[in-house]
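J.: Here it is, the structure in full.
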Amino acid sequence: MKIEFTGHELNPAHDMKKLSIVTAQCLVEEMQDGMEEQRKIQITTSNSLIIADKINTEEPNENKMTLLDKALLQSEDTIFPIMNEGNVSNMFGMIVLSNVKIVPFANPDNVIKYESYALYTDHIMGFGLTD
């Protein structure tokens, strides 16, 4: 049996990885409110550990946004209408991370640092909290 989906049929679909991780981040922020030490999010992919201060979950503030955050926000004006027309579909969402360290498994001494990093959820194998 072959099943085909078009853009409008995918609208009720949910990216459970994105929904789970963003919901967890919001609850962690709420639970950590008032605590001195803030835990960081650690995401495992097939080839690296990604450690970030947090996932961006708040309403965008253009005065505090990084260049990547601004570009992604502006790109939504182009992307969402195309998706709503049914011409493009994507089952995987994207999360935007702040103050990121990427530790490649192949070379853990070569830590890569970014002010902001966009990660597609199909790369996520798991996530947790770290110091």
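Each chain in the structure tokens gets a letter, A, B, ..., in the order shown, and its residues are numbered from 1; ligands are numbered from 1 in order too.
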Would you kindly return, as a ChimeraX atom specification, each protein, DNA or RNA residue with an atom no farther than 7 Å from any atom of Val96 (chain A), considering only C-alpha atoms and excluding same-chain residues fewer than 5 positions away?

T.: /A:55-56,116-119

J.: Between A:Met31, A:Leu73, A:Thr23, A:Ala52, single out the one closest to Thr130 (chain A), counting only C-alpha atoms.

T.: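 Comparing A:Met31, A:Leu73, A:Thr23, A:Ala52 against Thr130 (chain A), the winner is A:Ala52.
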
J.: If you run DSSP on the backbone, which residues of region 12-69 of chain A are helix (DSSP H, G or I), as a list in words?

T.: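 Checking each residue of region 12-69 of chain A, the helix (DSSP H, G or I) ones are Met16, Lys17, Lys18, Leu19, Ser20, Ile21, Val22, Thr23, Ala24, Gln25, Cys26, Leu27, Val28, Glu29, Glu30, Met31, Gln32, Leu67, Leu68 and Asp69 of chain A.
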
J.: Dump N, CA and C atoms for the selected residues as a PDB file, in the first residue's frame?

T.:
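Contents of again22.pdb, as written:
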```pdb
ATOM      1  N   MET A  16       6.705  15.938  17.117  1.00  0.00           N
ATOM      2  CA  MET A  16       6.713  15.635  18.544  1.00  0.00           C
ATOM      3  C   MET A  16       8.055  15.940  19.191  1.00  0.00           C
ATOM      4  N   LYS A  17       9.154  15.835  18.449  1.00  0.00           N
ATOM      5  CA  LYS A  17      10.458  16.187  19.023  1.00  0.00           C
ATOM      6  C   LYS A  17      10.470  17.665  19.396  1.00  0.00           C
ATOM      7  N   LYS A  18      10.056  18.506  18.455  1.00  0.00           N
ATOM      8  CA  LYS A  18      10.055  19.948  18.726  1.00  0.00           C
ATOM      9  C   LYS A  18       9.076  20.283  19.846  1.00  0.00           C
ATOM     10  N   LEU A  19       7.886  19.730  19.770  1.00  0.00           N
ATOM     11  CA  LEU A  19       6.877  19.998  20.792  1.00  0.00           C
ATOM     12  C   LEU A  19       7.362  19.569  22.170  1.00  0.00           C
ATOM     13  N   SER A  20       7.966  18.404  22.270  1.00  0.00           N
ATOM     14  CA  SER A  20       8.464  17.900  23.555  1.00  0.00           C
ATOM     15  C   SER A  20       9.596  18.738  24.115  1.00  0.00           C
ATOM     16  N   ILE A  21      10.580  19.053  23.279  1.00  0.00           N
ATOM     17  CA  ILE A  21      11.757  19.762  23.769  1.00  0.00           C
ATOM     18  C   ILE A  21      11.448  21.213  24.115  1.00  0.00           C
ATOM     19  N   VAL A  22      10.598  21.877  23.320  1.00  0.00           N
ATOM     20  CA  VAL A  22      10.249  23.268  23.610  1.00  0.00           C
ATOM     21  C   VAL A  22       9.363  23.345  24.857  1.00  0.00           C
ATOM     22  N   THR A  23       8.428  22.416  25.000  1.00  0.00           N
ATOM     23  CA  THR A  23       7.584  22.381  26.197  1.00  0.00           C
ATOM     24  C   THR A  23       8.438  22.113  27.438  1.00  0.00           C
ATOM     25  N   ALA A  24       9.364  21.170  27.333  1.00  0.00           N
ATOM     26  CA  ALA A  24      10.253  20.880  28.460  1.00  0.00           C
ATOM     27  C   ALA A  24      11.094  22.105  28.822  1.00  0.00           C
ATOM     28  N   GLN A  25      11.616  22.819  27.816  1.00  0.00           N
ATOM     29  CA  GLN A  25      12.421  24.023  28.072  1.00  0.00           C
ATOM     30  C   GLN A  25      11.602  25.065  28.817  1.00  0.00           C
ATOM     31  N   CYS A  26      10.366  25.279  28.414  1.00  0.00           N
ATOM     32  CA  CYS A  26       9.507  26.258  29.091  1.00  0.00           C
ATOM     33  C   CYS A  26       9.282  25.868  30.545  1.00  0.00           C
ATOM     34  N   LEU A  27       9.047  24.590  30.804  1.00  0.00           N
ATOM     35  CA  LEU A  27       8.826  24.129  32.179  1.00  0.00           C
ATOM     36  C   LEU A  27      10.102  24.211  33.012  1.00  0.00           C
ATOM     37  N   VAL A  28      11.248  23.899  32.394  1.00  0.00           N
ATOM     38  CA  VAL A  28      12.533  24.011  33.111  1.00  0.00           C
ATOM     39  C   VAL A  28      12.770  25.455  33.525  1.00  0.00           C
ATOM     40  N   GLU A  29      12.515  26.402  32.598  1.00  0.00           N
ATOM     41  CA  GLU A  29      12.691  27.819  32.925  1.00  0.00           C
ATOM     42  C   GLU A  29      11.795  28.221  34.089  1.00  0.00           C
ATOM     43  N   GLU A  30      10.570  27.722  34.081  1.00  0.00           N
ATOM     44  CA  GLU A  30       9.622  28.028  35.144  1.00  0.00           C
ATOM     45  C   GLU A  30      10.093  27.455  36.480  1.00  0.00           C
ATOM     46  N   MET A  31      10.590  26.219  36.472  1.00  0.00           N
ATOM     47  CA  MET A  31      11.049  25.578  37.699  1.00  0.00           C
ATOM     48  C   MET A  31      12.343  26.198  38.221  1.00  0.00           C
ATOM     49  N   GLN A  32      13.183  26.698  37.316  1.00  0.00           N
ATOM     50  CA  GLN A  32      14.455  27.293  37.726  1.00  0.00           C
ATOM     51  C   GLN A  32      14.309  28.746  38.151  1.00  0.00           C
ATOM     52  N   LEU A  67      21.852  38.126  14.845  1.00  0.00           N
ATOM     53  CA  LEU A  67      21.655  38.250  13.398  1.00  0.00           C
ATOM     54  C   LEU A  67      20.906  37.037  12.842  1.00  0.00           C
ATOM     55  N   LEU A  68      21.274  35.835  13.295  1.00  0.00           N
ATOM     56  CA  LEU A  68      20.594  34.629  12.831  1.00  0.00           C
ATOM     57  C   LEU A  68      19.127  34.643  13.242  1.00  0.00           C
ATOM     58  N   ASP A  69      18.834  35.034  14.478  1.00  0.00           N
ATOM     59  CA  ASP A  69      17.444  35.106  14.951  1.00  0.00           C
ATOM     60  C   ASP A  69      16.618  36.065  14.091  1.00  0.00           C
TER      61      ASP A  69
END
```

J.: Under the rule that only C-alpha atoms are counted, which of A:Thr66, A:Asn99, A:Gln38, A:Thr78 is the nearest residue to Ile50 (chain A)?

T.: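 Ranking A:Thr66, A:Asn99, A:Gln38, A:Thr78 by distance to Ile50 (chain A), first place goes to A:Asn99.
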
J.: Measuring between only C-alpha atoms, which one of A:Gly34, A:Ile41, A:Ser48, A:Phe127 shows the shortest distance to Ile112 (chain A)?

T.: A:Ser48

J.: Just give me the gap between CA of Ala71 (chain A) and CA of Ile43 (chain A) in Å, one decimal is fine.

T.: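 Separation between CA of Ala71 (chain A) and CA of Ile43 (chain A): 23.3 Å.
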